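**Student:** My structure file query_27.cif, mmCIF, C-alpha atoms, is below:
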data_start
#
loop_
_atom_site.group_PDB
_atom_site.id
_atom_site.type_symbol
_atom_site.label_atom_id
_atom_site.label_comp_id
_atom_site.auth_asym_id
_atom_site.auth_seq_id
_atom_site.Cartn_x
_atom_site.Cartn_y
_atom_site.Cartn_z
ATOM 1 C CA MET A 1 0.000 0.000 0.000
ATOM 2 C CA TRP A 2 1.249 3.484 -0.828
ATOM 3 C CA LYS A 3 2.606 5.355 2.158
ATOM 4 C CA GLY A 4 0.268 8.358 1.692
ATOM 5 C CA PHE A 5 -2.796 6.292 2.506
ATOM 6 C CA THR A 6 -1.620 5.534 6.033
ATOM 7 C CA GLU A 7 -0.018 8.799 7.141
ATOM 8 C CA ARG A 8 -1.672 12.005 8.306
ATOM 9 C CA VAL A 9 1.191 14.291 7.355
ATOM 10 C CA ALA A 10 2.816 15.366 4.101
ATOM 11 C CA ARG A 11 5.742 17.768 3.866
ATOM 12 C CA THR A 12 8.129 19.120 1.321
ATOM 13 C CA SER A 13 11.909 19.067 1.396
ATOM 14 C CA ALA A 14 14.510 20.069 -1.160
ATOM 15 C CA ASP A 15 15.959 16.545 -1.193
ATOM 16 C CA SER A 16 12.681 14.767 -1.968
ATOM 17 C CA ASN A 17 12.664 12.475 -5.001
ATOM 18 C CA ASP A 18 8.983 13.303 -5.538
ATOM 19 C CA PRO A 19 8.633 16.557 -7.542
ATOM 20 C CA VAL A 20 5.441 17.464 -5.644
ATOM 21 C CA LEU A 21 7.222 17.139 -2.303
ATOM 22 C CA ALA A 22 10.372 18.973 -3.426
ATOM 23 C CA GLY A 23 8.837 22.383 -2.634
ATOM 24 C CA ARG A 24 9.837 25.352 -4.764
ATOM 25 C CA THR A 25 12.812 27.624 -5.163
ATOM 26 C CA TYR A 26 11.853 30.703 -7.151
ATOM 27 C CA ALA A 27 14.040 33.208 -8.961
ATOM 28 C CA ILE A 28 11.458 35.771 -7.819
ATOM 29 C CA PRO A 29 11.951 38.258 -4.948
ATOM 30 C CA PHE A 30 10.652 37.361 -1.495
ATOM 31 C CA ASP A 31 7.844 39.928 -1.241
ATOM 32 C CA PRO A 32 5.756 38.885 -4.284
ATOM 33 C CA VAL A 33 6.086 35.225 -3.292
ATOM 34 C CA TRP A 34 5.151 36.008 0.318
ATOM 35 C CA GLN A 35 2.134 38.081 -0.737
ATOM 36 C CA ALA A 36 0.884 35.372 -3.112
ATOM 37 C CA ALA A 37 1.319 32.624 -0.489
ATOM 38 C CA LEU A 38 -0.438 34.802 2.095
ATOM 39 C CA TRP A 39 -3.343 35.507 -0.263
ATOM 40 C CA LEU A 40 -3.759 31.810 -1.114
ATOM 41 C CA SER A 41 -3.592 30.773 2.556
ATOM 42 C CA GLY A 42 -6.023 33.492 3.610
ATOM 43 C CA GLY A 43 -8.910 32.346 1.469
ATOM 44 C CA GLY A 44 -7.548 32.507 -2.054
ATOM 45 C CA LEU A 45 -7.890 28.734 -2.001
ATOM 46 C CA ARG A 46 -11.271 27.237 -1.243
ATOM 47 C CA GLY A 47 -11.516 25.908 2.301
ATOM 48 C CA TRP A 48 -8.359 27.667 3.552
ATOM 49 C CA THR A 49 -8.497 29.976 6.590
ATOM 50 C CA LEU A 50 -5.502 32.017 7.709
ATOM 51 C CA VAL A 51 -4.523 31.409 11.343
ATOM 52 C CA SER A 52 -1.360 33.512 11.565
ATOM 53 C CA ALA A 53 1.410 35.005 9.458
ATOM 54 C CA ASP A 54 4.851 36.326 10.358
ATOM 55 C CA ASP A 55 6.750 37.917 7.482
ATOM 56 C CA GLN A 56 9.906 38.273 9.615
ATOM 57 C CA LEU A 57 10.070 34.499 10.153
ATOM 58 C CA GLY A 58 8.455 33.768 6.795
ATOM 59 C CA VAL A 59 5.817 31.486 8.343
ATOM 60 C CA ILE A 60 2.151 31.212 7.444
ATOM 61 C CA ARG A 61 -0.243 28.966 9.390
ATOM 62 C CA ALA A 62 -3.647 28.037 7.993
ATOM 63 C CA ASP A 63 -6.460 25.611 8.645
ATOM 64 C CA VAL A 64 -7.809 23.709 5.672
ATOM 65 C CA ARG A 65 -11.149 22.007 5.342
ATOM 66 C CA SER A 66 -11.741 19.740 2.381
ATOM 67 C CA PRO A 67 -14.995 20.349 0.522
ATOM 68 C CA LEU A 68 -15.374 16.645 -0.307
ATOM 69 C CA PHE A 69 -13.927 14.839 2.705
ATOM 70 C CA PRO A 70 -14.267 15.627 6.406
ATOM 71 C CA LEU A 71 -10.455 15.652 6.593
ATOM 72 C CA GLU A 72 -9.261 18.907 8.135
ATOM 73 C CA ALA A 73 -5.591 19.823 8.353
ATOM 74 C CA ASN A 74 -3.220 22.345 9.850
ATOM 75 C CA VAL A 75 -0.913 23.760 7.209
ATOM 76 C CA LEU A 76 2.426 25.490 7.648
ATOM 77 C CA VAL A 77 3.903 27.403 4.711
ATOM 78 C CA SER A 78 7.498 28.578 4.992
ATOM 79 C CA VAL A 79 8.800 31.337 2.693
ATOM 80 C CA THR A 80 12.521 32.016 3.158
ATOM 81 C CA LEU A 81 15.648 32.934 1.251
ATOM 82 C CA ASP A 82 18.038 30.101 0.406
ATOM 83 C CA PRO A 83 21.861 30.445 0.525
ATOM 84 C CA ASN A 84 21.768 31.908 -3.023
ATOM 85 C CA ALA A 85 19.215 34.568 -1.984
ATOM 86 C CA GLN A 86 16.504 32.814 -4.024
ATOM 87 C CA THR A 87 13.025 32.518 -2.522
ATOM 88 C CA ARG A 88 12.364 29.057 -1.103
ATOM 89 C CA VAL A 89 8.848 27.821 -0.289
ATOM 90 C CA ASP A 90 8.162 24.675 1.726
ATOM 91 C CA MET A 91 4.953 23.356 3.169
ATOM 92 C CA SER A 92 3.636 20.754 5.573
ATOM 93 C CA ALA A 93 0.073 19.586 6.136
ATOM 94 C CA LEU A 94 -0.944 17.621 9.228
ATOM 95 C CA GLY A 95 -4.365 16.000 9.324
ATOM 96 C CA ASN A 96 -6.607 16.556 12.366
ATOM 97 C CA HIS A 97 -8.083 13.087 12.295
ATOM 98 C CA ARG A 98 -7.248 9.479 13.058
ATOM 99 C CA GLY A 99 -6.088 7.058 10.427
ATOM 100 C CA GLY A 100 -4.739 7.753 6.979
ATOM 101 C CA ASP A 101 -5.612 10.737 4.863
ATOM 102 C CA LEU A 102 -6.086 8.972 1.505
ATOM 103 C CA CYS A 103 -3.323 11.237 0.107
ATOM 104 C CA VAL A 104 -5.436 14.356 0.705
ATOM 105 C CA ASN A 105 -2.515 16.283 2.237
ATOM 106 C CA TYR A 106 -0.263 15.305 -0.661
ATOM 107 C CA ARG A 107 -2.884 16.670 -3.069
ATOM 108 C CA ARG A 108 -3.221 19.842 -0.956
ATOM 109 C CA ILE A 109 0.483 20.482 -1.358
ATOM 110 C CA ARG A 110 0.344 19.850 -5.100
ATOM 111 C CA HIS A 111 -2.668 22.165 -5.473
ATOM 112 C CA PHE A 112 -1.067 24.899 -3.364
ATOM 113 C CA PHE A 113 2.096 24.965 -5.486
ATOM 114 C CA HIS A 114 0.173 24.911 -8.775
ATOM 115 C CA SER A 115 -1.940 27.795 -7.471
ATOM 116 C CA LEU A 116 1.129 29.670 -6.248
ATOM 117 C CA ASP A 117 2.796 29.270 -9.648
ATOM 118 C CA ASP A 118 -0.367 30.645 -11.299
ATOM 119 C CA ALA A 119 -0.671 33.544 -8.834
ATOM 120 C CA LEU A 120 2.957 34.499 -9.515
ATOM 121 C CA ASP A 121 2.535 34.087 -13.279
ATOM 122 C CA VAL A 122 5.726 32.030 -13.248
ATOM 123 C CA GLN A 123 7.759 32.197 -16.446
ATOM 124 C CA PRO A 124 10.236 29.589 -17.730
ATOM 125 C CA GLY A 125 13.397 29.614 -15.636
ATOM 126 C CA GLN A 126 11.766 31.152 -12.549
ATOM 127 C CA ILE A 127 11.343 27.813 -10.775
ATOM 128 C CA LEU A 128 14.756 26.476 -9.850
ATOM 129 C CA GLU A 129 15.177 22.774 -9.254
ATOM 130 C CA PRO A 130 16.083 22.307 -5.555
ATOM 131 C CA TRP A 131 19.043 20.084 -6.337
ATOM 132 C CA THR A 132 20.370 22.750 -8.752
ATOM 133 C CA ALA A 133 20.015 25.482 -6.112
ATOM 134 C CA ALA A 134 21.782 23.282 -3.525
ATOM 135 C CA ARG A 135 24.605 22.513 -5.955
ATOM 136 C CA ASN A 136 25.073 26.228 -6.749
ATOM 137 C CA ALA A 137 25.346 27.023 -3.027
ATOM 138 C CA ALA A 138 28.218 24.562 -2.559
#
Could you rewrite the structure in this file as structure tokens?
**Tutor:**
Amino acid sequence: MWKGFTERVARTSADSNDPVLAGRTYAIPFDPVWQAALWLSGGGLRGWTLVSADDQLGVIRADVRSPLFPLEANVLVSVTLDPNAQTRVDMSALGNHRGGDLCVNYRRIRHFFHSLDDALDVQPGQILEPWTAARNAA
């Protein structure tokens, strides 16, 4: 059985082999990325409710309620600068229920990043592969 069916949490990391869970490194300044992530988390995405946001730490907390499943989650979005001064976005979603989440949190992450790319009107070359950004920092 696929791991996502039995876990309540999904999170991104730059070293993930799964492109959905690799997060994003943007060649876009911090402020537009922060504003877009804040807008999406604050209701720009259906079922999302902003809990808190700290632009100094680059942390957004939101509650998410699925329109189809009674599977609520707490979401943490991190917007920071990487060692190359590129804007890095990571995310985690933790389900507020028992048992597996049927990959709902994985799909939330995928949907968030697709929506963020759209909100930023990302152009070719503005999304940097995490392994490329890490290699350039070395």
**Student:** Do a neighbour search on Leu94 in chain A at 10 Å with all atoms listed in the file, toss out local chain neighbours closer than 5 positions, and write the hits as number ranges by chain.
**Tutor:** A: 7-11, 63-64, 72-76, 101, 105
**Student:** Just checking: using all atoms listed in the file, which residue out of A:Leu116, A:Val77, A:Thr87, A:Leu45 ends up closest to Thr12 in chain A?
**Tutor:**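 Closest candidate: A:Val77.
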**Student:** Excluding range 27-42 of chain A and its own-chain neighbours fewer than 5 positions away, which residues fall within 10 Å of it when counting all atoms listed in the file? Please give them as JSON, numbers by chain.
**Tutor:** {"A": [47, 48, 49, 50, 51, 52, 53, 54, 55, 58, 59, 60, 61, 62, 63, 64, 75, 76, 77, 78, 79, 80, 81, 84, 85, 86, 87, 88, 89, 112, 113, 115, 116, 117, 118, 119, 120, 122, 123, 125, 126, 127, 128]}
**Student:** Could you state the separation of CA of Glu129 in chain A and CA of Thr25 in chain A in Å, given to one decimal place?
**Tutor:**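 Distance reported for this atom pair: 6.8 Å.
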**Student:** In terms of the shortest atom-to-atom distance over all atoms listed in the file, which of A:Pro124, A:Asp18, A:Gly23, A:His111 is closest to Gly44 in chain A?
**Tutor:**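 When distances to Gly44 in chain A are compared using all atoms listed in the file, the smallest one comes from A:His111.
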**Student:** Do you have the CA of Cys103 in chain A-CA of Asp121 in chain A distance handy?
**Tutor:**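 Value for the CA of Cys103 in chain A-CA of Asp121 in chain A distance: 27.1 Å.
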**Student:** CA of Ile109 in chain A to CA of Val20 in chain A: how many Å, to one decimal?
**Tutor:**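 Interatomic distance, CA of Ile109 in chain A to CA of Val20 in chain A: 7.2 Å.
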**Student:** Find, counting only C-alpha atoms, the residue in A:Pro67, A:Leu57, A:Arg108, A:Asp82 that gets nearest to Tyr26 in chain A.
**Tutor:**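 Using only C-alpha atoms, Tyr26 in chain A sits closest to A:Asp82.
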